[in-house]
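Colleague: Below you'll find the structure I mean.
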Amino acid sequence: MSGQQAASSAVIGGAGPVEVDDKARKALWGAAIGYAMDGFDLLILGFMLRAISADLGLSQAQAASLVTATLVGAVLGGIGFGMLSDRIGRVRVLTWTIVLFAVFTGLCALAQGYWDLLVYRTIAGLGLGGEFGIGMALVAEAWPASKRARASSYVGLGWQVGVLMAALATPLLLPSIGWRGMFAIGILPAFAAYFIRRTLHEPEIFVARSRDQPKQSALHLLVKDRETARLSLGMVILCSVQNFGYYGVMIWLPNYLASRFGFALTQSALWTAVTIGGMALGIFAFGHIADRIGRRPAFFGYMLGAAVMVVVYSRLTDPMQLLVGGAVMGFFVNGMLGGYGALISELFPTVARATAQNVLFNIGRGVGGFGPVVVGAIAAAYGFQTAIALLATLYVLDILAMWLLIPEKRGAELE
């Protein structure tokens, strides 16, 4: 038996790697960089909705639908690219998704009206939808079981770095280069794709499984029996609440601060950046907590914290309270992102892992894509304060789904 085969057998047999090697670190960097580019693009869209609407004459509903179209595209891309990744490899397909996303984000700079911009955003969403699950599967398969949740959280931090860059860069660049120039910057991830393709390798467990097992329909494996269907349903609920709460808060937070407190773009960006900082800290902490005490206790704690904090935040009026409250709310509302990659990887086999990551998370992302529309509609009728406060009820559903449908998998070796 060759050294590589022996290593593959060790991973599959349950021994698992005990050290984090260079391949694992490179996989983490590649996945995190791709996810950061996604986060940067999506948040600058939120900051630029007013400018785009004014230039192209869009209604509030049309502006919100640009975000929704991106996320619906992500659902379709997640399904297609996830299945493709389970068949032909993580690294190759991850590269394709980044290039597709980068090119069509850049094309948004050339949009002449609502409909062509909507098409560009939808196709860019296809690439965006592929990146999350493939990167998470790649990292989960490369890292040891004892550190899998924290590795997953580090990938999630890539998104937060991207959105933080967007929150800081948009007020500086938007006045000088306009929304078209901001979209043109979106072509830069194509260079990251070159780095990823040249330096990353397929995880040994994936190579072994793809060689030893016959090809199956990865999509079918998500509902192959009653127990697996329950797991899939539970994860769809968790991912839907996660994304609905995140996009419902983050896309409208700048508008909420501007309309209620008269904050300028720079002030809104500062408050948003602090909220994002809280999210980043929450993601980092979640991975370590989940590795130490288990996935379920970590999720329960964060879900309860999110439910409480969105209500508290909606009632704050003092600027300093908003600053601190935003950070604490962000800690809980998006901190759970640090656990989905590890949890889904542990619930589904290698031959369907990227499909599970992409399909389940991106269905949640598609549902979450309606968050800005729903929050916008409720805000128009009852005010942003009421709209944000109502998000708290979703976390009760989240707690029930985790309690009834998702088992504890801390330390489990991948199948």
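Please note that chains go A, B, ... in the order of the structure tokens, that every chain numbers its residues from 1, and that ligands are numbered from 1 in the order shown.
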Please identify all polymer residues within 9 Å of Leu56 (chain A), counting only C-alpha atoms, omitting same-chain residues fewer than 6 positions from it, and present them as a PyMOL selection string.

Modeller: chain A and resi 112-114

Colleague: Just the residues within 6 Å of Ala36 (chain A), please, counting only C-alpha atoms, with nothing from its chain fewer than 5 positions along; format it as an mmCIF file with N, CA, C and O atoms, in the first residue's frame.

Modeller:
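Writing done, so here's out_22.cif:
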data_model
loop_
_atom_site.group_PDB
_atom_site.id
_atom_site.type_symbol
_atom_site.label_atom_id
_atom_site.label_comp_id
_atom_site.auth_asym_id
_atom_site.auth_seq_id
_atom_site.Cartn_x
_atom_site.Cartn_y
_atom_site.Cartn_z
ATOM 1 N N GLY A 158 -14.023 34.595 6.890
ATOM 2 C CA GLY A 158 -13.691 35.173 5.602
ATOM 3 C C GLY A 158 -14.799 36.086 5.108
ATOM 4 O O GLY A 158 -14.545 37.191 4.607
ATOM 5 N N TRP A 159 -16.037 35.642 5.259
ATOM 6 C CA TRP A 159 -17.197 36.455 4.870
ATOM 7 C C TRP A 159 -17.201 37.764 5.650
ATOM 8 O O TRP A 159 -17.424 38.834 5.085
ATOM 9 N N VAL A 161 -14.735 39.341 7.054
ATOM 10 C CA VAL A 161 -13.657 40.214 6.591
ATOM 11 C C VAL A 161 -14.104 40.947 5.330
ATOM 12 O O VAL A 161 -13.877 42.148 5.166
ATOM 13 N N GLY A 162 -14.761 40.219 4.431
ATOM 14 C CA GLY A 162 -15.247 40.827 3.197
ATOM 15 C C GLY A 162 -16.274 41.917 3.446
ATOM 16 O O GLY A 162 -16.191 43.003 2.865
#

Colleague: I need the residue nearest Leu110 (chain A) from this list: A:Tyr154, A:Phe132, A:Phe183, A:Trp271. Use only C-alpha atoms for the distance.

Modeller: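 Of A:Tyr154, A:Phe132, A:Phe183, A:Trp271, the one nearest Leu110 (chain A) is A:Phe183, counting only C-alpha atoms.
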
Colleague: Out of region 195-349 of chain A, which residues get alpha helix (DSSP H) from DSSP, as a PyMOL selection string?

Modeller: chain A and resi 195-199+204-212+226-250+253-261+265-293+295-314+319-333+337-347

Colleague: Please list as number ranges by chain every residue within 12 Å of Ser53 (chain A), counting only C-alpha atoms and excluding residues in the same chain fewer than 2 positions away.

Modeller: A: 45-51, 55-66, 112-114, 117, 179

Colleague: If we count only C-alpha atoms and set the cut-off at 9 Å, which residues sit around Met182 (chain A), ignoring sequence neighbours fewer than 4 positions away in its own chain? Please answer as a PDB file with N, CA and C atoms, in the first residue's frame.

Modeller:
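Saved to result.pdb:
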ATOM      1  N   ASP A  41     -18.857  41.722  -1.993  1.00  0.00           N
ATOM      2  CA  ASP A  41     -19.780  42.078  -3.067  1.00  0.00           C
ATOM      3  C   ASP A  41     -21.196  42.282  -2.560  1.00  0.00           C
ATOM      4  N   ILE A  44     -21.626  45.564  -0.377  1.00  0.00           N
ATOM      5  CA  ILE A  44     -21.578  46.834  -1.110  1.00  0.00           C
ATOM      6  C   ILE A  44     -22.875  47.042  -1.886  1.00  0.00           C
ATOM      7  N   MET A  48     -25.145  50.359  -1.728  1.00  0.00           N
ATOM      8  CA  MET A  48     -25.308  51.114  -2.966  1.00  0.00           C
ATOM      9  C   MET A  48     -26.739  51.146  -3.486  1.00  0.00           C
ATOM     10  N   GLY A 106     -18.501  42.034 -12.180  1.00  0.00           N
ATOM     11  CA  GLY A 106     -17.914  43.107 -12.970  1.00  0.00           C
ATOM     12  C   GLY A 106     -18.847  43.633 -14.040  1.00  0.00           C
ATOM     13  N   ALA A 109     -21.320  46.603 -13.609  1.00  0.00           N
ATOM     14  CA  ALA A 109     -20.891  47.985 -13.818  1.00  0.00           C
ATOM     15  C   ALA A 109     -21.376  48.536 -15.157  1.00  0.00           C
ATOM     16  N   THR A 170     -16.751  51.407   1.136  1.00  0.00           N
ATOM     17  CA  THR A 170     -17.823  52.048   0.370  1.00  0.00           C
ATOM     18  C   THR A 170     -17.930  53.554   0.621  1.00  0.00           C
ATOM     19  N   LEU A 173     -14.925  55.144  -1.295  1.00  0.00           N
ATOM     20  CA  LEU A 173     -14.803  54.996  -2.741  1.00  0.00           C
ATOM     21  C   LEU A 173     -16.051  55.391  -3.519  1.00  0.00           C
ATOM     22  N   LEU A 174     -17.235  55.133  -2.937  1.00  0.00           N
ATOM     23  CA  LEU A 174     -18.473  55.377  -3.676  1.00  0.00           C
ATOM     24  C   LEU A 174     -18.608  56.823  -4.173  1.00  0.00           C
ATOM     25  N   ILE A 177     -15.867  56.992  -7.280  1.00  0.00           N
ATOM     26  CA  ILE A 177     -15.931  56.099  -8.445  1.00  0.00           C
ATOM     27  C   ILE A 177     -17.351  55.661  -8.772  1.00  0.00           C
ATOM     28  N   GLY A 178     -18.315  55.964  -7.898  1.00  0.00           N
ATOM     29  CA  GLY A 178     -19.705  55.626  -8.162  1.00  0.00           C
ATOM     30  C   GLY A 178     -19.990  54.142  -8.028  1.00  0.00           C
ATOM     31  N   GLY A 186     -15.351  44.214  -8.359  1.00  0.00           N
ATOM     32  CA  GLY A 186     -15.746  42.818  -8.159  1.00  0.00           C
ATOM     33  C   GLY A 186     -15.064  41.826  -9.071  1.00  0.00           C
TER      34      GLY A 186
END

Colleague: For Asp22 (chain A), work out the shell of residues within 10 Å, counting only C-alpha atoms and skipping chain neighbours fewer than 6 positions away, then give it as a compact mmCIF listing (two decimals) with N, CA, C and O atoms, in the first residue's frame.

Modeller:
# COMPACT_ATOMS: atom_id res chain seq x y z
N LEU A 28 -7.94 26.00 3.99
CA LEU A 28 -8.63 27.02 4.78
C LEU A 28 -8.48 28.41 4.15
O LEU A 28 -9.47 29.14 4.00
N ALA A 142 -10.23 18.26 5.24
CA ALA A 142 -8.79 18.42 5.41
C ALA A 142 -8.36 18.57 6.87
O ALA A 142 -7.22 18.28 7.21
N LEU A 200 -3.97 24.48 -4.20
CA LEU A 200 -4.75 23.54 -3.39
C LEU A 200 -4.77 22.15 -4.00
O LEU A 200 -4.60 21.96 -5.20

Colleague: Neighbours of region 339-347 of chain A within 10 Å (only C-alpha atoms; same-chain residues fewer than 6 positions away dropped), as a ChimeraX atom specification?

Modeller: /A:132-141,145,147-156,222,228,231-232,235,238-239,242,283-284,286-291,295-296,298-299,353-354,356-358,360-361,406-415

Colleague: My list of candidates is A:Met279, A:Val163, A:Val249, A:Val75. Which is closest to Phe40 (chain A) when distances are computed with only C-alpha atoms?

Modeller: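 So, comparing all the options, the nearest one is A:Val163.
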